[in-house]
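Colleague: Below you'll find input36.csv; it's CSV, C-alpha atoms.
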```csv
chain,number,residue,atom,x,y,z
A,80,MET,CA,0.0,0.0,0.0
A,81,SER,CA,1.3,3.4,-0.9
A,82,THR,CA,2.6,5.7,1.9
A,83,PRO,CA,0.3,8.7,2.4
A,84,LYS,CA,1.7,12.0,1.1
A,85,SER,CA,1.1,15.4,2.6
A,86,ILE,CA,0.3,17.9,-0.2
A,87,THR,CA,-1.5,21.2,-0.5
A,88,LEU,CA,-4.7,20.9,-2.6
A,89,ASN,CA,-6.6,24.0,-3.7
A,90,GLY,CA,-5.1,26.0,-0.9
A,91,ALA,CA,-5.7,23.5,1.9
A,92,PRO,CA,-3.6,20.7,3.5
A,93,HIS,CA,-4.5,17.3,2.1
A,94,ARG,CA,-3.2,13.7,2.5
A,95,SER,CA,-3.4,11.2,-0.3
A,96,ILE,CA,-2.1,7.7,-1.1
A,97,ALA,CA,-2.3,8.4,-4.9
A,98,GLY,CA,0.7,7.5,-7.0
A,99,THR,CA,-0.1,9.8,-9.9
A,100,ILE,CA,-2.1,13.0,-10.3
A,101,ALA,CA,-4.7,11.1,-12.3
A,102,ASP,CA,-5.1,8.7,-9.3
A,103,LEU,CA,-5.5,11.7,-7.0
A,104,VAL,CA,-8.2,13.1,-9.3
A,105,ARG,CA,-10.1,9.8,-9.3
A,106,GLU,CA,-9.6,9.6,-5.5
A,107,LEU,CA,-11.6,12.9,-5.4
A,108,GLU,CA,-14.3,11.3,-7.5
A,109,LEU,CA,-13.5,13.5,-10.5
A,110,ALA,CA,-12.8,12.6,-14.1
A,111,PRO,CA,-9.2,13.3,-15.2
A,112,GLU,CA,-10.5,14.2,-18.7
A,113,LYS,CA,-12.7,16.9,-17.2
A,114,VAL,CA,-10.3,18.9,-15.1
A,115,ALA,CA,-7.2,21.1,-15.4
A,116,VAL,CA,-4.3,20.7,-13.0
A,117,GLU,CA,-1.5,23.0,-11.9
A,118,ARG,CA,1.4,21.5,-9.9
A,119,ASN,CA,3.9,23.7,-8.1
A,120,GLY,CA,3.0,26.7,-10.4
A,121,GLU,CA,3.2,24.7,-13.7
A,122,ILE,CA,0.3,23.4,-15.8
A,123,VAL,CA,0.3,19.6,-16.1
A,124,PRO,CA,-1.0,18.7,-19.6
A,125,ARG,CA,-4.1,16.6,-19.4
A,126,SER,CA,-2.5,14.0,-21.7
A,127,THR,CA,0.2,13.3,-19.1
A,128,LEU,CA,-1.9,13.1,-15.9
A,129,GLU,CA,-1.8,9.3,-15.9
A,130,GLU,CA,2.1,9.3,-15.8
A,131,ALA,CA,2.6,12.5,-13.7
A,132,PRO,CA,3.8,11.3,-10.2
A,133,LEU,CA,2.4,12.8,-7.1
A,134,ALA,CA,5.2,13.7,-4.7
A,135,GLU,CA,5.4,14.7,-1.0
A,136,GLY,CA,5.0,18.5,-0.5
A,137,ASP,CA,3.4,19.1,-4.0
A,138,THR,CA,1.1,22.1,-4.3
A,139,LEU,CA,-1.8,21.5,-6.7
A,140,GLU,CA,-4.7,23.5,-8.0
A,141,ILE,CA,-7.5,21.4,-9.7
A,142,VAL,CA,-10.2,23.3,-11.5
A,143,HIS,CA,-13.1,22.5,-13.7
A,144,PHE,CA,-15.9,24.4,-15.5
A,145,VAL,CA,-19.1,25.3,-13.6
A,146,GLY,CA,-22.3,26.8,-14.8
A,147,GLY,CA,-22.1,30.4,-16.0
A,148,GLY,CA,-22.5,33.0,-13.3
A,149,ASP,CA,-21.4,30.7,-10.5
A,150,HIS,CA,-18.8,33.0,-9.0
A,151,ALA,CA,-17.8,34.3,-5.6
A,152,ALA,CA,-20.2,36.9,-4.2
A,153,ASP,CA,-19.0,40.4,-4.2
A,154,THR,CA,-19.4,41.0,-0.5
A,155,TRP,CA,-18.3,43.8,1.8
A,156,THR,CA,-17.4,43.6,5.5
A,157,VAL,CA,-17.9,46.1,8.4
A,158,ALA,CA,-16.6,45.3,11.9
A,159,GLY,CA,-16.2,41.7,10.9
A,160,ARG,CA,-19.7,41.3,9.6
A,161,THR,CA,-20.1,40.4,5.9
A,162,PHE,CA,-23.0,41.4,3.7
A,163,THR,CA,-23.9,40.8,0.1
A,164,SER,CA,-26.2,43.8,-0.5
A,165,ARG,CA,-24.4,47.2,-0.6
A,166,LEU,CA,-27.7,49.1,-0.2
A,167,ILE,CA,-28.8,50.1,3.3
A,168,VAL,CA,-32.3,51.5,3.6
A,169,GLY,CA,-34.1,53.6,6.3
A,170,THR,CA,-37.4,52.9,7.9
A,171,GLY,CA,-38.9,56.4,8.1
A,172,LYS,CA,-41.5,58.3,6.0
A,173,TYR,CA,-43.3,55.2,4.7
A,174,LYS,CA,-47.1,55.2,4.6
A,175,SER,CA,-47.2,52.0,6.5
A,176,PHE,CA,-45.1,49.2,8.0
A,177,GLU,CA,-46.4,47.0,5.2
A,178,GLN,CA,-45.1,49.3,2.5
A,179,ASN,CA,-41.8,49.7,4.4
A,180,ALA,CA,-41.4,45.9,4.5
A,181,ALA,CA,-42.2,45.5,0.9
A,182,ALA,CA,-39.7,48.2,-0.1
A,183,VAL,CA,-36.9,46.5,2.0
A,184,ALA,CA,-37.7,43.2,0.2
A,185,ALA,CA,-37.6,44.8,-3.2
A,186,SER,CA,-34.3,46.5,-2.5
A,187,GLY,CA,-32.5,43.4,-1.4
A,188,ALA,CA,-31.1,45.3,1.6
A,189,GLU,CA,-29.7,43.3,4.5
A,190,ILE,CA,-29.4,46.2,6.8
A,191,VAL,CA,-32.0,48.8,7.8
A,192,THR,CA,-31.6,51.8,10.0
A,193,VAL,CA,-34.0,52.2,12.9
A,194,ALA,CA,-34.6,55.2,15.0
A,195,VAL,CA,-34.9,54.8,18.8
A,196,ARG,CA,-38.1,56.4,20.2
A,197,ARG,CA,-40.1,56.3,23.4
A,198,VAL,CA,-42.6,53.5,23.8
A,199,ASN,CA,-46.2,54.7,23.3
A,200,VAL,CA,-47.4,53.9,26.8
A,201,SER,CA,-51.0,54.8,25.9
A,202,ASP,CA,-51.2,52.0,23.4
A,203,PRO,CA,-48.5,49.4,24.2
A,204,LYS,CA,-50.0,46.9,21.8
A,205,ALA,CA,-49.7,49.1,18.8
A,206,PRO,CA,-47.9,47.5,15.8
A,207,MET,CA,-44.1,47.8,15.8
A,208,LEU,CA,-41.5,47.6,13.1
A,209,THR,CA,-40.3,44.3,14.3
A,210,ASP,CA,-43.7,42.8,13.5
A,211,PHE,CA,-43.0,43.5,9.8
A,212,ILE,CA,-39.2,43.4,9.4
A,213,ASP,CA,-37.7,40.5,11.2
A,214,PRO,CA,-34.5,41.5,13.1
A,215,LYS,CA,-33.4,37.9,12.9
A,216,LYS,CA,-33.4,38.1,9.1
A,217,ILE,CA,-32.5,41.8,8.5
A,218,THR,CA,-29.7,43.5,10.5
A,219,TYR,CA,-31.1,46.4,12.5
A,220,LEU,CA,-28.8,49.4,12.6
A,221,PRO,CA,-30.0,51.7,15.5
A,222,ASN,CA,-29.3,55.3,14.7
A,223,THR,CA,-29.4,58.6,16.5
A,224,ALA,CA,-31.5,60.6,14.1
A,225,GLY,CA,-32.7,63.8,15.8
A,226,CYS,CA,-29.9,64.0,18.3
A,227,PHE,CA,-28.2,67.5,18.5
A,228,THR,CA,-25.6,66.7,21.1
A,229,GLY,CA,-23.1,64.0,21.5
A,230,GLU,CA,-24.4,63.2,25.0
A,231,ASP,CA,-28.0,62.6,23.7
A,232,ALA,CA,-26.6,60.4,20.9
A,233,VAL,CA,-24.6,58.2,23.3
A,234,ARG,CA,-27.6,57.9,25.7
A,235,THR,CA,-29.8,56.8,22.8
A,236,LEU,CA,-27.4,54.1,21.7
A,237,ARG,CA,-26.9,52.8,25.3
A,238,LEU,CA,-30.7,52.4,25.4
A,239,ALA,CA,-30.7,50.7,22.0
A,240,ARG,CA,-28.0,48.2,23.1
A,241,GLU,CA,-30.0,47.4,26.2
A,242,ALA,CA,-33.2,47.0,24.2
A,243,GLY,CA,-31.8,44.7,21.4
A,244,GLY,CA,-28.2,43.9,22.3
A,245,TRP,CA,-27.0,45.9,19.3
A,246,ASP,CA,-23.4,47.1,19.2
A,247,LEU,CA,-23.2,47.9,15.5
A,248,VAL,CA,-24.8,51.3,15.4
A,249,LYS,CA,-25.1,54.4,13.3
A,250,LEU,CA,-24.1,57.7,14.9
A,251,GLU,CA,-25.2,61.0,13.7
A,252,VAL,CA,-25.1,64.3,15.7
A,253,LEU,CA,-26.8,67.2,14.0
A,254,GLY,CA,-25.6,70.8,14.1
A,255,GLU,CA,-28.9,72.5,13.5
A,256,ALA,CA,-32.4,71.7,12.2
A,257,ARG,CA,-32.5,73.6,8.9
A,258,THR,CA,-29.7,71.8,7.1
A,259,LEU,CA,-29.3,68.7,9.4
A,260,TYR,CA,-25.6,69.1,8.7
A,261,PRO,CA,-23.4,67.1,11.1
A,262,ASP,CA,-21.8,68.8,14.1
A,263,MET,CA,-18.3,67.3,13.7
A,264,ARG,CA,-16.9,68.3,17.0
A,265,GLU,CA,-19.8,66.6,18.9
A,266,THR,CA,-19.7,63.7,16.5
A,267,LEU,CA,-16.0,63.1,17.1
A,268,LYS,CA,-16.5,63.2,20.9
A,269,ALA,CA,-19.4,60.8,20.8
A,270,THR,CA,-17.4,58.4,18.5
A,271,GLU,CA,-14.6,58.3,21.1
A,272,VAL,CA,-17.0,57.5,23.9
A,273,LEU,CA,-18.9,54.8,22.0
A,274,ALA,CA,-15.7,53.1,20.9
A,275,LYS,CA,-14.4,53.0,24.5
A,276,GLU,CA,-17.8,51.4,25.6
A,277,GLY,CA,-17.5,48.6,23.0
A,278,PHE,CA,-19.8,50.0,20.4
A,279,LEU,CA,-19.0,49.7,16.7
A,280,PRO,CA,-20.1,53.1,15.3
A,281,MET,CA,-20.8,53.7,11.6
A,282,VAL,CA,-20.6,57.5,11.6
A,283,TYR,CA,-22.5,60.1,9.5
A,284,CYS,CA,-20.2,63.0,8.8
A,285,ALA,CA,-19.3,65.9,6.6
A,286,ASP,CA,-17.7,65.3,3.2
A,287,ASP,CA,-14.3,66.2,4.7
A,288,PRO,CA,-11.3,63.9,4.3
A,289,ILE,CA,-9.6,65.3,7.4
A,290,ALA,CA,-12.6,64.8,9.6
A,291,ALA,CA,-13.1,61.3,8.1
A,292,LYS,CA,-9.6,60.3,9.1
A,293,GLN,CA,-10.1,61.7,12.7
A,294,LEU,CA,-13.3,59.6,13.0
A,295,GLU,CA,-11.5,56.5,11.9
A,296,ASP,CA,-8.7,57.1,14.4
A,297,ALA,CA,-11.4,57.6,17.1
A,298,GLY,CA,-12.9,54.2,16.5
A,299,ALA,CA,-15.4,54.5,13.7
A,300,VAL,CA,-15.9,51.2,11.9
A,301,ALA,CA,-17.4,52.9,8.8
A,302,ILE,CA,-17.3,56.5,7.5
A,303,MET,CA,-20.6,57.8,6.1
A,304,PRO,CA,-20.2,61.2,4.4
A,305,LEU,CA,-23.3,63.0,3.2
A,306,GLY,CA,-23.8,63.3,-0.5
A,307,ALA,CA,-26.1,66.3,0.1
A,308,PRO,CA,-28.3,67.5,2.9
A,309,ILE,CA,-30.6,64.8,4.5
A,310,GLY,CA,-33.8,64.3,2.5
A,311,SER,CA,-32.8,66.8,-0.2
A,312,GLY,CA,-32.6,64.4,-3.1
A,313,LEU,CA,-29.9,66.7,-4.6
A,314,GLY,CA,-27.5,63.8,-5.4
A,315,ILE,CA,-23.8,63.8,-4.7
A,316,GLN,CA,-22.6,67.4,-4.7
A,317,ASN,CA,-18.9,66.9,-4.0
A,318,ARG,CA,-17.5,63.9,-5.8
A,319,VAL,CA,-13.9,65.0,-5.4
A,320,MET,CA,-14.1,65.0,-1.6
A,321,ILE,CA,-16.0,61.7,-1.5
A,322,ARG,CA,-13.3,60.1,-3.7
A,323,LEU,CA,-10.5,61.5,-1.4
A,324,ILE,CA,-12.3,60.0,1.6
A,325,VAL,CA,-12.5,56.6,-0.1
A,326,GLU,CA,-8.8,56.8,-1.1
A,327,GLY,CA,-7.7,57.6,2.5
A,328,ALA,CA,-9.9,55.3,4.5
A,329,LYS,CA,-9.0,51.9,5.9
A,330,VAL,CA,-12.7,51.2,6.9
A,331,PRO,CA,-15.7,51.1,4.6
A,332,VAL,CA,-17.0,54.4,3.2
A,333,LEU,CA,-20.7,54.7,2.4
A,334,VAL,CA,-22.6,57.7,1.0
A,335,ASP,CA,-25.3,58.7,3.5
A,336,ALA,CA,-27.9,61.2,2.7
A,337,GLY,CA,-28.8,63.2,-0.4
A,338,VAL,CA,-29.5,60.4,-2.9
A,339,GLY,CA,-32.6,61.3,-5.0
A,340,THR,CA,-32.7,58.8,-7.8
A,341,ALA,CA,-31.0,55.7,-9.2
A,342,SER,CA,-28.2,57.6,-11.1
A,343,ASP,CA,-27.1,59.2,-7.8
A,344,ALA,CA,-26.7,55.8,-6.2
A,345,ALA,CA,-24.7,54.6,-9.2
A,346,VAL,CA,-22.4,57.7,-9.0
A,347,GLY,CA,-21.6,56.9,-5.3
A,348,MET,CA,-20.7,53.4,-6.2
A,349,GLU,CA,-18.6,54.4,-9.1
A,350,LEU,CA,-16.6,56.6,-6.8
A,351,GLY,CA,-15.5,53.4,-5.0
A,352,CYS,CA,-17.8,53.6,-2.0
A,353,GLU,CA,-18.6,50.3,-0.3
A,354,GLY,CA,-22.3,51.1,-0.2
A,355,ILE,CA,-25.1,53.6,-0.2
A,356,LEU,CA,-27.6,54.5,2.6
A,357,MET,CA,-30.9,56.1,1.7
A,358,ASN,CA,-34.4,56.6,3.0
A,359,THR,CA,-36.4,59.5,1.5
A,360,ALA,CA,-35.4,58.6,-2.1
A,361,ILE,CA,-37.4,55.4,-1.8
A,362,ALA,CA,-40.0,56.3,0.8
A,363,GLU,CA,-41.2,59.5,-1.0
A,364,ALA,CA,-41.1,58.1,-4.5
A,365,LYS,CA,-44.5,57.9,-6.2
A,366,ASP,CA,-43.9,54.1,-6.3
A,367,PRO,CA,-41.6,53.2,-3.4
A,368,ILE,CA,-41.5,49.5,-4.3
A,369,ARG,CA,-40.4,50.1,-7.9
A,370,MET,CA,-37.9,52.7,-6.7
A,371,ALA,CA,-36.5,50.2,-4.3
A,372,ARG,CA,-35.9,47.8,-7.1
A,373,ALA,CA,-34.3,50.6,-9.2
A,374,MET,CA,-31.9,51.5,-6.4
A,375,LYS,CA,-30.9,47.8,-6.0
A,376,LEU,CA,-30.0,47.7,-9.7
A,377,ALA,CA,-28.3,51.1,-9.6
A,378,VAL,CA,-26.0,50.1,-6.7
A,379,GLU,CA,-25.1,46.9,-8.5
A,380,ALA,CA,-24.4,48.7,-11.8
A,381,GLY,CA,-22.3,51.3,-10.1
A,382,ARG,CA,-20.3,48.7,-8.4
A,383,GLU,CA,-19.7,46.8,-11.6
A,384,ALA,CA,-18.7,49.9,-13.4
A,385,TYR,CA,-16.2,50.8,-10.6
A,386,LEU,CA,-14.7,47.3,-10.7
A,387,ALA,CA,-14.5,47.4,-14.5
A,388,GLY,CA,-12.6,50.7,-14.6
A,389,ARG,CA,-14.0,53.6,-16.6
A,390,MET,CA,-12.4,54.8,-19.8
A,391,ALA,CA,-10.1,57.8,-19.7
A,392,ARG,CA,-11.6,61.2,-20.1
A,393,ARG,CA,-10.4,63.1,-23.2
A,394,MET,CA,-10.6,66.7,-24.3
A,395,TYR,CA,-11.3,65.9,-27.9
A,396,ALA,CA,-13.2,63.2,-29.9
A,397,ASP,CA,-11.7,59.8,-30.5
A,398,PRO,CA,-13.5,57.9,-33.3
A,399,SER,CA,-14.7,54.4,-32.5
A,400,SER,CA,-14.2,53.3,-36.1
A,401,PRO,CA,-10.8,53.9,-37.9
A,402,LEU,CA,-10.8,56.8,-40.4
A,403,ALA,CA,-8.3,55.1,-42.7
A,404,GLY,CA,-9.7,53.4,-45.8
A,405,LEU,CA,-12.9,55.4,-46.0
A,406,ILE,CA,-14.7,55.3,-49.4
```
As structure tokens, what does this structure read like?

Modeller:
Amino acid sequence: MSTPKSITLNGAPHRSIAGTIADLVRELELAPEKVAVERNGEIVPRSTLEEAPLAEGDTLEIVHFVGGGDHAADTWTVAGRTFTSRLIVGTGKYKSFEQNAAAVAASGAEIVTVAVRRVNVSDPKAPMLTDFIDPKKITYLPNTAGCFTGEDAVRTLRLAREAGGWDLVKLEVLGEARTLYPDMRETLKATEVLAKEGFLPMVYCADDPIAAKQLEDAGAVAIMPLGAPIGSGLGIQNRVMIRLIVEGAKVPVLVDAGVGTASDAAVGMELGCEGILMNTAIAEAKDPIRMARAMKLAVEAGREAYLAGRMARRMYADPSSPLAGLI
């Protein structure tokens, strides 16, 4: 009986008694004529697999064809948690919980932001968001919408953690009610406090690369610069700063606020952001469910375009067809 050999197979340790590579392939219940093999960095011709010896310490890659489209998911990770959808949606401004739940389903979102509000003690049995969007299936991201001081924001998230055990949270500290622009001094202070208390804050901030870096250093697990004022639908107003934030960050960057339509979402993804957060653009659309689907497709398209790499911009025309040989 052959002595077992220790090899590395498709990136993992493996032991085999096979004498040849073809024997190893059959040992794996595969057909030698249907696979391609690389050994120690060199392709082994299929016609020689029967004679190619398997040696101690060999490193092999064995591949075959699979159905079209069967590729690794393009996931993203925040604070050690991995998601497939790059679209995060809010849960405010909808006509009903039913409409909200339908929009979340249409969007494909795996994370929803939720505001923390006082219980209605006069009607404790009133329907709640959790009755329609299951927190066991969709990740709830408690946020501090409506907080104008760092202290209030921290208190709110402490209550959220007590209520649901959440440590991944969204921090926003607003400067004033007219623009809902972030107060960066209070935001930074609150980020430091939350990080020290074991929270994992994803932080809404100004489109400022310096402030973004300070937040990251303070413990933010994601940077979320606004594209435009909250609820404005104006689209991304400062692409240059968003791009600089993306280039300088070691944590995920997601555009938060200002998206109005699908093209805005695509632009954010084309800038290299890991994702987009939106609420009003879907909730206030004439057909929220259809808009949710549009946003899902826009985020996917923008991501594909970013990965593909856009063509270079030119000052002058460059014909697609050669001009030589014209009749």

Colleague: At what distance in Å, to one decimal, does CA of Leu247 (chain A) lie from CA of Pro331 (chain A)?

Modeller: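 Distance reported for this atom pair: 13.6 Å.
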
Colleague: Between A:Ala91, A:Ala345, A:Ala299, A:Ile167, which has the minimum distance to Gly314 (chain A) (counting only C-alpha atoms)?

Modeller: A:Ala345

Colleague: I need the residue nearest Leu279 (chain A) from this list: A:Gly351, A:Pro92, A:Pro83, A:Pro221. Use all atoms listed in the file for the distance.

Modeller: A:Pro221

Colleague: Find the residues with any atom within 10 Å of (-27.9, 65.7, 19.0); use only C-alpha atoms and the coordinates as given in the file, and write the answer as a PyMOL selection string.

Modeller: chain A and resi 223-233+235+250-255+261-262+265-266+269

Colleague: When you draw a straight line from CA of Ala180 (chain A) to CA of Gly310 (chain A), how long is it in Å?

Modeller: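 One can read the CA of Ala180 (chain A) to CA of Gly310 (chain A) distance as 20.0 Å.
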
Colleague: One number please: CA of Asn222 (chain A) to CA of Leu208 (chain A), in Å, one decimal.

Modeller: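 If I compute the distance from CA of Asn222 (chain A) to CA of Leu208 (chain A), I get 14.5 Å.
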
Colleague: Show me, as an MDAnalysis selection string, the residues that have an atom within 9 Å of Pro308 (chain A) when counting all atoms listed in the file, minus same-chain residues fewer than 4 positions from it.

Modeller: chainID A and resid 258:260 312:313 336:337

Colleague: Can you list, as a list of chain:residue names, every protein, DNA or RNA residue that comes within 9 Å of Ile324 (chain A) when you count only C-alpha atoms, leaving out same-chain residues fewer than 3 positions away?

Modeller: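 Counting only the stated atoms, we get A:Asp286, A:Asp287, A:Pro288, A:Ile289, A:Ala291, A:Lys292, A:Ile302, A:Pro304, A:Val319, A:Met320, A:Ile321, A:Gly327, A:Ala328, A:Val332.
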
Colleague: For Gln178 (chain A), please output as JSON, numbers by chain all residues within 10 Å (counting all atoms listed in the file; exclusion window: fewer than 3 positions along the same chain).

Modeller: {"A": [173, 174, 175, 181, 182, 183, 184, 211, 362, 367, 368]}

Colleague: Would you please work out which residue, of A:Leu273, A:Val248, A:Val191, A:Leu166, is nearest to Ala373 (chain A) when using all atoms listed in the file?

Modeller: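 The shortest atom-to-atom distance to Ala373 (chain A) comes from A:Leu166.
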
Colleague: All heavy atoms for region 344-354 of chain A, written as a tab-separated table (two decimals), in the coordinates of the input, could you do that?

Modeller:
```
chain	number	residue	atom	x	y	z
A	344	ALA	N	-27.22	56.99	-6.89
A	344	ALA	CA	-26.70	55.80	-6.20
A	344	ALA	C	-25.55	55.21	-7.04
A	344	ALA	O	-24.51	54.81	-6.49
A	344	ALA	CB	-27.78	54.77	-6.00
A	345	ALA	N	-25.72	55.17	-8.35
A	345	ALA	CA	-24.70	54.60	-9.20
A	345	ALA	C	-23.40	55.45	-9.14
A	345	ALA	O	-22.29	54.92	-9.09
A	345	ALA	CB	-25.17	54.55	-10.66
A	346	VAL	N	-23.56	56.78	-9.10
A	346	VAL	CA	-22.40	57.70	-9.00
A	346	VAL	C	-21.61	57.37	-7.72
A	346	VAL	O	-20.37	57.27	-7.73
A	346	VAL	CB	-22.82	59.15	-9.02
A	346	VAL	CG1	-21.68	60.06	-8.57
A	346	VAL	CG2	-23.26	59.54	-10.42
A	347	GLY	N	-22.31	57.22	-6.60
A	347	GLY	CA	-21.60	56.90	-5.30
A	347	GLY	C	-20.83	55.65	-5.41
A	347	GLY	O	-19.69	55.58	-4.93
A	348	MET	N	-21.39	54.63	-6.03
A	348	MET	CA	-20.70	53.40	-6.20
A	348	MET	C	-19.50	53.48	-7.13
A	348	MET	O	-18.46	52.87	-6.92
A	348	MET	CB	-21.64	52.27	-6.61
A	348	MET	CG	-22.76	51.96	-5.62
A	348	MET	SD	-22.18	51.57	-3.95
A	348	MET	CE	-21.19	50.12	-4.26
A	349	GLU	N	-19.68	54.27	-8.18
A	349	GLU	CA	-18.60	54.40	-9.10
A	349	GLU	C	-17.40	55.18	-8.53
A	349	GLU	O	-16.27	55.07	-9.03
A	349	GLU	CB	-19.11	55.21	-10.37
A	349	GLU	CG	-20.04	54.38	-11.25
A	349	GLU	CD	-20.71	55.20	-12.33
A	349	GLU	OE1	-20.38	56.39	-12.47
A	349	GLU	OE2	-21.59	54.65	-13.02
A	350	LEU	N	-17.63	55.92	-7.47
A	350	LEU	CA	-16.60	56.60	-6.80
A	350	LEU	C	-15.75	55.66	-5.88
A	350	LEU	O	-14.75	56.05	-5.29
A	350	LEU	CB	-17.11	57.75	-5.92
A	350	LEU	CG	-17.68	58.94	-6.70
A	350	LEU	CD1	-18.38	59.91	-5.75
A	350	LEU	CD2	-16.59	59.66	-7.48
A	351	GLY	N	-16.20	54.43	-5.76
A	351	GLY	CA	-15.50	53.40	-5.00
A	351	GLY	C	-16.04	53.22	-3.59
A	351	GLY	O	-15.43	52.51	-2.79
A	352	CYS	N	-17.20	53.80	-3.29
A	352	CYS	CA	-17.80	53.60	-2.00
A	352	CYS	C	-18.22	52.11	-1.84
A	352	CYS	O	-18.55	51.45	-2.81
A	352	CYS	CB	-19.03	54.47	-1.80
A	352	CYS	SG	-18.61	56.23	-1.68
A	353	GLU	N	-18.22	51.64	-0.61
A	353	GLU	CA	-18.60	50.30	-0.30
A	353	GLU	C	-20.14	50.10	-0.40
A	353	GLU	O	-20.64	49.00	-0.60
A	353	GLU	CB	-18.13	49.82	1.04
A	353	GLU	CG	-16.61	49.67	1.14
A	353	GLU	CD	-16.10	48.41	0.48
A	353	GLU	OE1	-16.91	47.64	-0.08
A	353	GLU	OE2	-14.88	48.19	0.51
A	354	GLY	N	-20.86	51.19	-0.20
A	354	GLY	CA	-22.30	51.10	-0.20
A	354	GLY	C	-22.97	52.44	-0.16
A	354	GLY	O	-22.30	53.48	-0.09
```
